[in-house]
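Asker: My structure is below; once you've seen it, I'll send some questions.
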Amino acid sequence: MGNQKDMTQKAVGKQSILFSNPPYILSGSSIAGKKEGEGPLGTFFDQIEEDPMFGGTSWEDAESRLMKRAADLAIKKASLQNTDIRYLIGGDLLGQLIATSFGIMDLDIPLFGVYGACSTMGESMAIGSVLVDGGFADKVLALTSSHFAGAEKQFRFPLAYGNQRPLSASWTVTGSGAVVIGNSKPQEADKDNKASIRVKGITVGKIVDYGVKDSMNMGACMAPAAYKTISQNLSDLKVKPDYYDKIITGDLGYVGKDILIDLLKQDGYHISGNHMDCGIEIFDQETQDTHAGGSGCGCSAITLTSYIFPKLQKRDWKRVLFVPTGALLSTVSFNEGNSVPGIAHGVILEAE
């Protein structure tokens, strides 16, 4: 009976969970490519790699190396060893998650491979936090990655094709972010008066399909899913948007942001004052020719670990809703005439 009572207290509304023992963020790492390093957030990343191949022999190999580097750094920053990590939860955009499987193989950590397209960081953190709060693990590593050239090759056209990109297109971020989540306060807690960050809860998204068939307009495909998840989070918790200092979407870009704000207004939620999109923040629209903004699993992941975490540690923000967004398409589904559904997962982060 006690377990049933605990479950009732943790399950909130229709799609959300509030943890009874909110897990801690022990560390985060951000490895970025050259173009990302030249953007507005360039000074915040842990490492910027000038070589797009990351010393590898193919774009796919490059992304695996990128992911391994992010995982190693996050574990090191948490003052841990690989053997201290109970589970690894991660995924990427490539078919059968090959960037993840080849990248983390040598870590020798039990793996939950997940796919949520560009929402994968939210999904990985959500699953990892459930495992830690439930007592099934003391420390887990959540990570994801994307690579511009690998994504273009798989989903659109190889770079050598030289196709033109419409203004609605976004630019896949070359980057990998990793987060160590644990059941106790990080060793560096309270140092320099920095706050500890805890995962207060999550809102698991549903697949949402508004019938958009334009693979060059990811913002329009994903905005309805972000709308549904944010609206459900606010409804489940019975709060207003200003409950959060920031509501942060993953990679809607300029097109998707406007759609999201308009859709939420229909439910009486006005978020324009405290909304932020990682795809808008990561590139300079005027000087970097990225059109609608950044996209890819790495977009929200490295923005989270390099920019959002420090804001919470400094208590500039007390509470944020982190909502990575994903477009669930493949070349098979798109070429067969299917629309592009979206999904978004919400992660509530609080400064303790």
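Note on naming: chains are A, B, ... as they come in the structure tokens, residues start from 1 per chain, ligands start from 1 in the order shown.
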Contacts of Ser124 in chain A at 7 Å or less, counting only C-alpha atoms, minus same-chain residues fewer than 2 places along, as a PyMOL selection string?
Answerer: chain A and resi 89-90+120-122+126-128+142-143
Asker: Write out as an MDAnalysis selection string the residues lying within 7 Å of range 70-74 of chain A, counting only C-alpha atoms and excluding same-chain residues fewer than 4 positions away.
Answerer: chainID A and resid 27:31 66 78 176:180
Asker: Distance CA of Thr229 in chain A-CA of Gly205 in chain A, one decimal place?
Answerer: 5.4 Å
Asker: Report as a PDB file with N, CA, C and O atoms, in the first residue's frame all protein, DNA and RNA residues lying within 6 Å of range 261-277 of chain A, evaluated on only C-alpha atoms, omitting residues in the same chain fewer than 2 positions from it.
Answerer:
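Now in out.pdb:
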ATOM      1  N   LYS A 246      11.829  30.804 -16.996  1.00  0.00           N
ATOM      2  CA  LYS A 246      11.958  30.624 -18.439  1.00  0.00           C
ATOM      3  C   LYS A 246      11.267  29.333 -18.852  1.00  0.00           C
ATOM      4  O   LYS A 246      11.376  28.311 -18.167  1.00  0.00           O
ATOM      5  N   ILE A 247      10.564  29.391 -19.969  1.00  0.00           N
ATOM      6  CA  ILE A 247      10.060  28.206 -20.653  1.00  0.00           C
ATOM      7  C   ILE A 247      10.916  28.073 -21.909  1.00  0.00           C
ATOM      8  O   ILE A 247      10.881  28.941 -22.790  1.00  0.00           O
ATOM      9  N   ILE A 248      11.711  27.016 -21.964  1.00  0.00           N
ATOM     10  CA  ILE A 248      12.779  26.929 -22.963  1.00  0.00           C
ATOM     11  C   ILE A 248      12.520  25.772 -23.916  1.00  0.00           C
ATOM     12  O   ILE A 248      12.586  24.600 -23.511  1.00  0.00           O
ATOM     13  N   THR A 249      12.216  26.077 -25.164  1.00  0.00           N
ATOM     14  CA  THR A 249      12.028  25.027 -26.160  1.00  0.00           C
ATOM     15  C   THR A 249      13.365  24.686 -26.820  1.00  0.00           C
ATOM     16  O   THR A 249      14.331  25.442 -26.755  1.00  0.00           O
ATOM     17  N   GLY A 250      13.382  23.508 -27.475  1.00  0.00           N
ATOM     18  CA  GLY A 250      14.640  22.964 -27.974  1.00  0.00           C
ATOM     19  C   GLY A 250      15.146  23.589 -29.247  1.00  0.00           C
ATOM     20  O   GLY A 250      16.247  24.134 -29.297  1.00  0.00           O
ATOM     21  N   ASP A 258       6.957  31.495 -33.258  1.00  0.00           N
ATOM     22  CA  ASP A 258       5.738  32.283 -33.476  1.00  0.00           C
ATOM     23  C   ASP A 258       4.496  31.396 -33.454  1.00  0.00           C
ATOM     24  O   ASP A 258       3.453  31.767 -32.898  1.00  0.00           O
ATOM     25  N   ILE A 259       4.603  30.213 -34.050  1.00  0.00           N
ATOM     26  CA  ILE A 259       3.467  29.279 -34.055  1.00  0.00           C
ATOM     27  C   ILE A 259       3.143  28.840 -32.640  1.00  0.00           C
ATOM     28  O   ILE A 259       1.973  28.797 -32.228  1.00  0.00           O
ATOM     29  N   GLY A 279      17.305  27.032 -30.371  1.00  0.00           N
ATOM     30  CA  GLY A 279      17.639  27.181 -31.779  1.00  0.00           C
ATOM     31  C   GLY A 279      17.823  28.624 -32.208  1.00  0.00           C
ATOM     32  O   GLY A 279      18.528  28.911 -33.184  1.00  0.00           O
ATOM     33  N   ILE A 280      17.193  29.539 -31.478  1.00  0.00           N
ATOM     34  CA  ILE A 280      17.363  30.970 -31.761  1.00  0.00           C
ATOM     35  C   ILE A 280      18.622  31.502 -31.086  1.00  0.00           C
ATOM     36  O   ILE A 280      19.348  32.340 -31.641  1.00  0.00           O
TER      37      ILE A 280
END
Asker: Apply DSSP to the structure's backbone, then extract all residues of range 5-63 of chain A labelled helix (DSSP H, G or I) and return them as a ChimeraX atom specification.
Answerer: /A:5-10,34-37,42-44,59-63
Asker: Any idea what's packed within 7 Å of range 290-298 of chain A, counting only C-alpha atoms, ignoring anything in its chain fewer than 5 positions away? Could you give it as a VMD selection string?
Answerer: chain A and resid 92 117 to 121 144 to 146 167 to 177 251 253 to 255 279 to 280 282 to 283 285
Asker: Please give the complete set of residues from range 92-294 of chain A that DSSP, run on the backbone, assigns to strand (DSSP E), formatted as a tab-separated table (two decimals) with N, CA, C and O atoms, in the first residue's frame.
Answerer:
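Result file follows (part20.tsv):
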chain	number	residue	atom	x	y	z
A	111	LEU	N	23.29	0.36	-21.24
A	111	LEU	CA	22.70	1.41	-22.08
A	111	LEU	C	21.21	1.22	-22.29
A	111	LEU	O	20.74	0.13	-22.62
A	112	PHE	N	20.45	2.31	-22.12
A	112	PHE	CA	19.11	2.44	-22.65
A	112	PHE	C	19.23	3.35	-23.88
A	112	PHE	O	19.43	4.56	-23.75
A	113	GLY	N	19.12	2.78	-25.07
A	113	GLY	CA	19.17	3.59	-26.28
A	113	GLY	C	17.78	4.14	-26.58
A	113	GLY	O	16.82	3.38	-26.67
A	139	LYS	N	23.39	6.85	-9.91
A	139	LYS	CA	23.94	7.82	-10.86
A	139	LYS	C	23.69	7.32	-12.28
A	139	LYS	O	23.94	6.15	-12.58
A	140	VAL	N	23.22	8.21	-13.13
A	140	VAL	CA	23.00	7.87	-14.54
A	140	VAL	C	23.59	8.98	-15.40
A	140	VAL	O	23.78	10.11	-14.94
A	141	LEU	N	23.87	8.64	-16.63
A	141	LEU	CA	24.39	9.62	-17.60
A	141	LEU	C	23.40	9.73	-18.74
A	141	LEU	O	23.05	8.73	-19.38
A	142	ALA	N	22.90	10.94	-18.98
A	142	ALA	CA	22.00	11.21	-20.11
A	142	ALA	C	22.78	12.00	-21.15
A	142	ALA	O	23.45	12.97	-20.80
A	143	LEU	N	22.70	11.59	-22.41
A	143	LEU	CA	23.45	12.32	-23.43
A	143	LEU	C	22.83	12.16	-24.81
A	143	LEU	O	22.03	11.24	-25.05
A	144	THR	N	23.20	13.06	-25.68
A	144	THR	CA	22.75	13.01	-27.07
A	144	THR	C	23.70	13.83	-27.93
A	144	THR	O	24.59	14.51	-27.42
A	145	SER	N	23.49	13.76	-29.24
A	145	SER	CA	24.39	14.47	-30.16
A	145	SER	C	23.70	14.68	-31.50
A	145	SER	O	22.69	14.05	-31.81
A	146	SER	N	24.28	15.55	-32.29
A	146	SER	CA	23.90	15.70	-33.70
A	146	SER	C	25.10	16.27	-34.44
A	146	SER	O	26.00	16.85	-33.83
A	171	TRP	N	19.44	24.92	-39.22
A	171	TRP	CA	20.80	24.41	-39.38
A	171	TRP	C	21.10	23.43	-38.25
A	171	TRP	O	21.12	23.82	-37.08
A	172	THR	N	21.33	22.17	-38.60
A	172	THR	CA	21.59	21.15	-37.58
A	172	THR	C	22.89	21.46	-36.84
A	172	THR	O	23.95	21.62	-37.45
A	175	GLY	N	27.17	19.14	-32.25
A	175	GLY	CA	27.46	19.25	-30.83
A	175	GLY	C	26.94	18.05	-30.06
A	175	GLY	O	26.08	17.31	-30.53
A	176	SER	N	27.47	17.87	-28.87
A	176	SER	CA	27.02	16.81	-27.98
A	176	SER	C	27.02	17.32	-26.55
A	176	SER	O	27.97	17.98	-26.12
A	177	GLY	N	25.94	17.01	-25.85
A	177	GLY	CA	25.82	17.38	-24.44
A	177	GLY	C	25.55	16.15	-23.60
A	177	GLY	O	24.82	15.25	-24.02
A	178	ALA	N	26.15	16.09	-22.43
A	178	ALA	CA	25.96	14.98	-21.51
A	178	ALA	C	25.71	15.52	-20.11
A	178	ALA	O	26.29	16.53	-19.71
A	179	VAL	N	24.84	14.83	-19.37
A	179	VAL	CA	24.46	15.26	-18.03
A	179	VAL	C	24.53	14.05	-17.09
A	179	VAL	O	23.94	13.00	-17.39
A	180	VAL	N	25.21	14.21	-15.98
A	180	VAL	CA	25.21	13.18	-14.94
A	180	VAL	C	24.15	13.55	-13.91
A	180	VAL	O	24.16	14.66	-13.38
A	181	ILE	N	23.26	12.61	-13.64
A	181	ILE	CA	22.16	12.81	-12.70
A	181	ILE	C	22.35	11.84	-11.54
A	181	ILE	O	22.63	10.65	-11.75
A	182	GLY	N	22.24	12.34	-10.31
A	182	GLY	CA	22.48	11.49	-9.15
A	182	GLY	C	21.49	11.72	-8.02
A	182	GLY	O	20.68	12.65	-8.06
A	197	ILE	N	21.36	22.12	-8.71
A	197	ILE	CA	20.22	22.03	-9.63
A	197	ILE	C	19.56	20.67	-9.43
A	197	ILE	O	20.23	19.64	-9.39
A	198	ARG	N	18.24	20.67	-9.32
A	198	ARG	CA	17.49	19.43	-9.14
A	198	ARG	C	16.44	19.30	-10.23
A	198	ARG	O	15.91	20.30	-10.73
A	199	VAL	N	16.16	18.06	-10.60
A	199	VAL	CA	15.09	17.78	-11.55
A	199	VAL	C	13.82	17.60	-10.73
A	199	VAL	O	13.59	16.55	-10.13
A	200	LYS	N	13.01	18.63	-10.71
A	200	LYS	CA	11.81	18.63	-9.87
A	200	LYS	C	10.73	17.70	-10.42
A	200	LYS	O	9.98	17.06	-9.67
A	201	GLY	N	10.62	17.63	-11.74
A	201	GLY	CA	9.58	16.79	-12.34
A	201	GLY	C	9.71	16.75	-13.85
A	201	GLY	O	10.62	17.36	-14.43
A	202	ILE	N	8.80	16.03	-14.47
A	202	ILE	CA	8.80	15.91	-15.93
A	202	ILE	C	7.37	15.88	-16.45
A	202	ILE	O	6.43	15.57	-15.71
A	203	THR	N	7.20	16.24	-17.70
A	203	THR	CA	5.95	16.05	-18.42
A	203	THR	C	6.27	15.30	-19.71
A	203	THR	O	7.00	15.82	-20.56
A	246	LYS	N	11.83	30.80	-17.00
A	246	LYS	CA	11.96	30.62	-18.44
A	246	LYS	C	11.27	29.33	-18.85
A	246	LYS	O	11.38	28.31	-18.17
A	247	ILE	N	10.56	29.39	-19.97
A	247	ILE	CA	10.06	28.21	-20.65
A	247	ILE	C	10.92	28.07	-21.91
A	247	ILE	O	10.88	28.94	-22.79
A	248	ILE	N	11.71	27.02	-21.96
A	248	ILE	CA	12.78	26.93	-22.96
A	248	ILE	C	12.52	25.77	-23.92
A	248	ILE	O	12.59	24.60	-23.51
A	249	THR	N	12.22	26.08	-25.16
A	249	THR	CA	12.03	25.03	-26.16
A	249	THR	C	13.36	24.69	-26.82
A	249	THR	O	14.33	25.44	-26.76
A	275	HIS	N	9.61	33.16	-22.71
A	275	HIS	CA	9.97	32.04	-23.57
A	275	HIS	C	11.35	32.26	-24.18
A	275	HIS	O	11.74	33.38	-24.52
A	276	MET	N	12.09	31.16	-24.30
A	276	MET	CA	13.40	31.18	-24.96
A	276	MET	C	13.51	29.92	-25.80
A	276	MET	O	13.02	28.86	-25.40
A	277	ASP	N	14.12	30.01	-26.97
A	277	ASP	CA	14.32	28.85	-27.82
A	277	ASP	C	15.81	28.66	-28.07
A	277	ASP	O	16.51	29.59	-28.50
A	294	GLY	N	18.92	27.19	-35.24
A	294	GLY	CA	19.57	25.91	-35.05
A	294	GLY	C	18.58	24.79	-34.79
A	294	GLY	O	17.45	25.03	-34.38
Asker: Which is closer to Pro324 in chain A than all the others in A:Leu252, A:Ile104, A:Leu18, A:Leu237, using only C-alpha atoms?
Answerer: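 Under the stated criterion, the closest residue is A:Leu252.
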Asker: With distances taken over only C-alpha atoms, which of A:Asp51, A:Asp316, A:Glu350, A:Asp284 is nearest to Gly33 in chain A?
Answerer: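 Comparing A:Asp51, A:Asp316, A:Glu350, A:Asp284 against Gly33 in chain A, the winner is A:Asp51.
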Asker: Take CA of Glu286 in chain A and CA of Asp46 in chain A and report the distance between them in Å, one decimal.
Answerer: 24.8 Å
Asker: Neighbouring residues of Gly135 in chain A were defined as those with any atom within 10 Å, considering only C-alpha atoms; residues of the same chain fewer than 6 positions away were excluded. Please report them as a ChimeraX atom specification.
Answerer: /A:21,129,183
Asker: Given the choices A:Ala327, A:Cys299, A:Leu80, A:Val204, which gets closest to Ser339 in chain A if the distance is worked out from only C-alpha atoms?
Answerer: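 That would be A:Ala327, the residue with the smallest distance to Ser339 in chain A.
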Asker: Between A:Lys76, A:Lys10, A:Lys238, A:Lys34, which one has atoms that come closest to Val130 in chain A, using only C-alpha atoms?
Answerer: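 Among A:Lys76, A:Lys10, A:Lys238, A:Lys34, it is A:Lys10 that comes nearest to Val130 in chain A.
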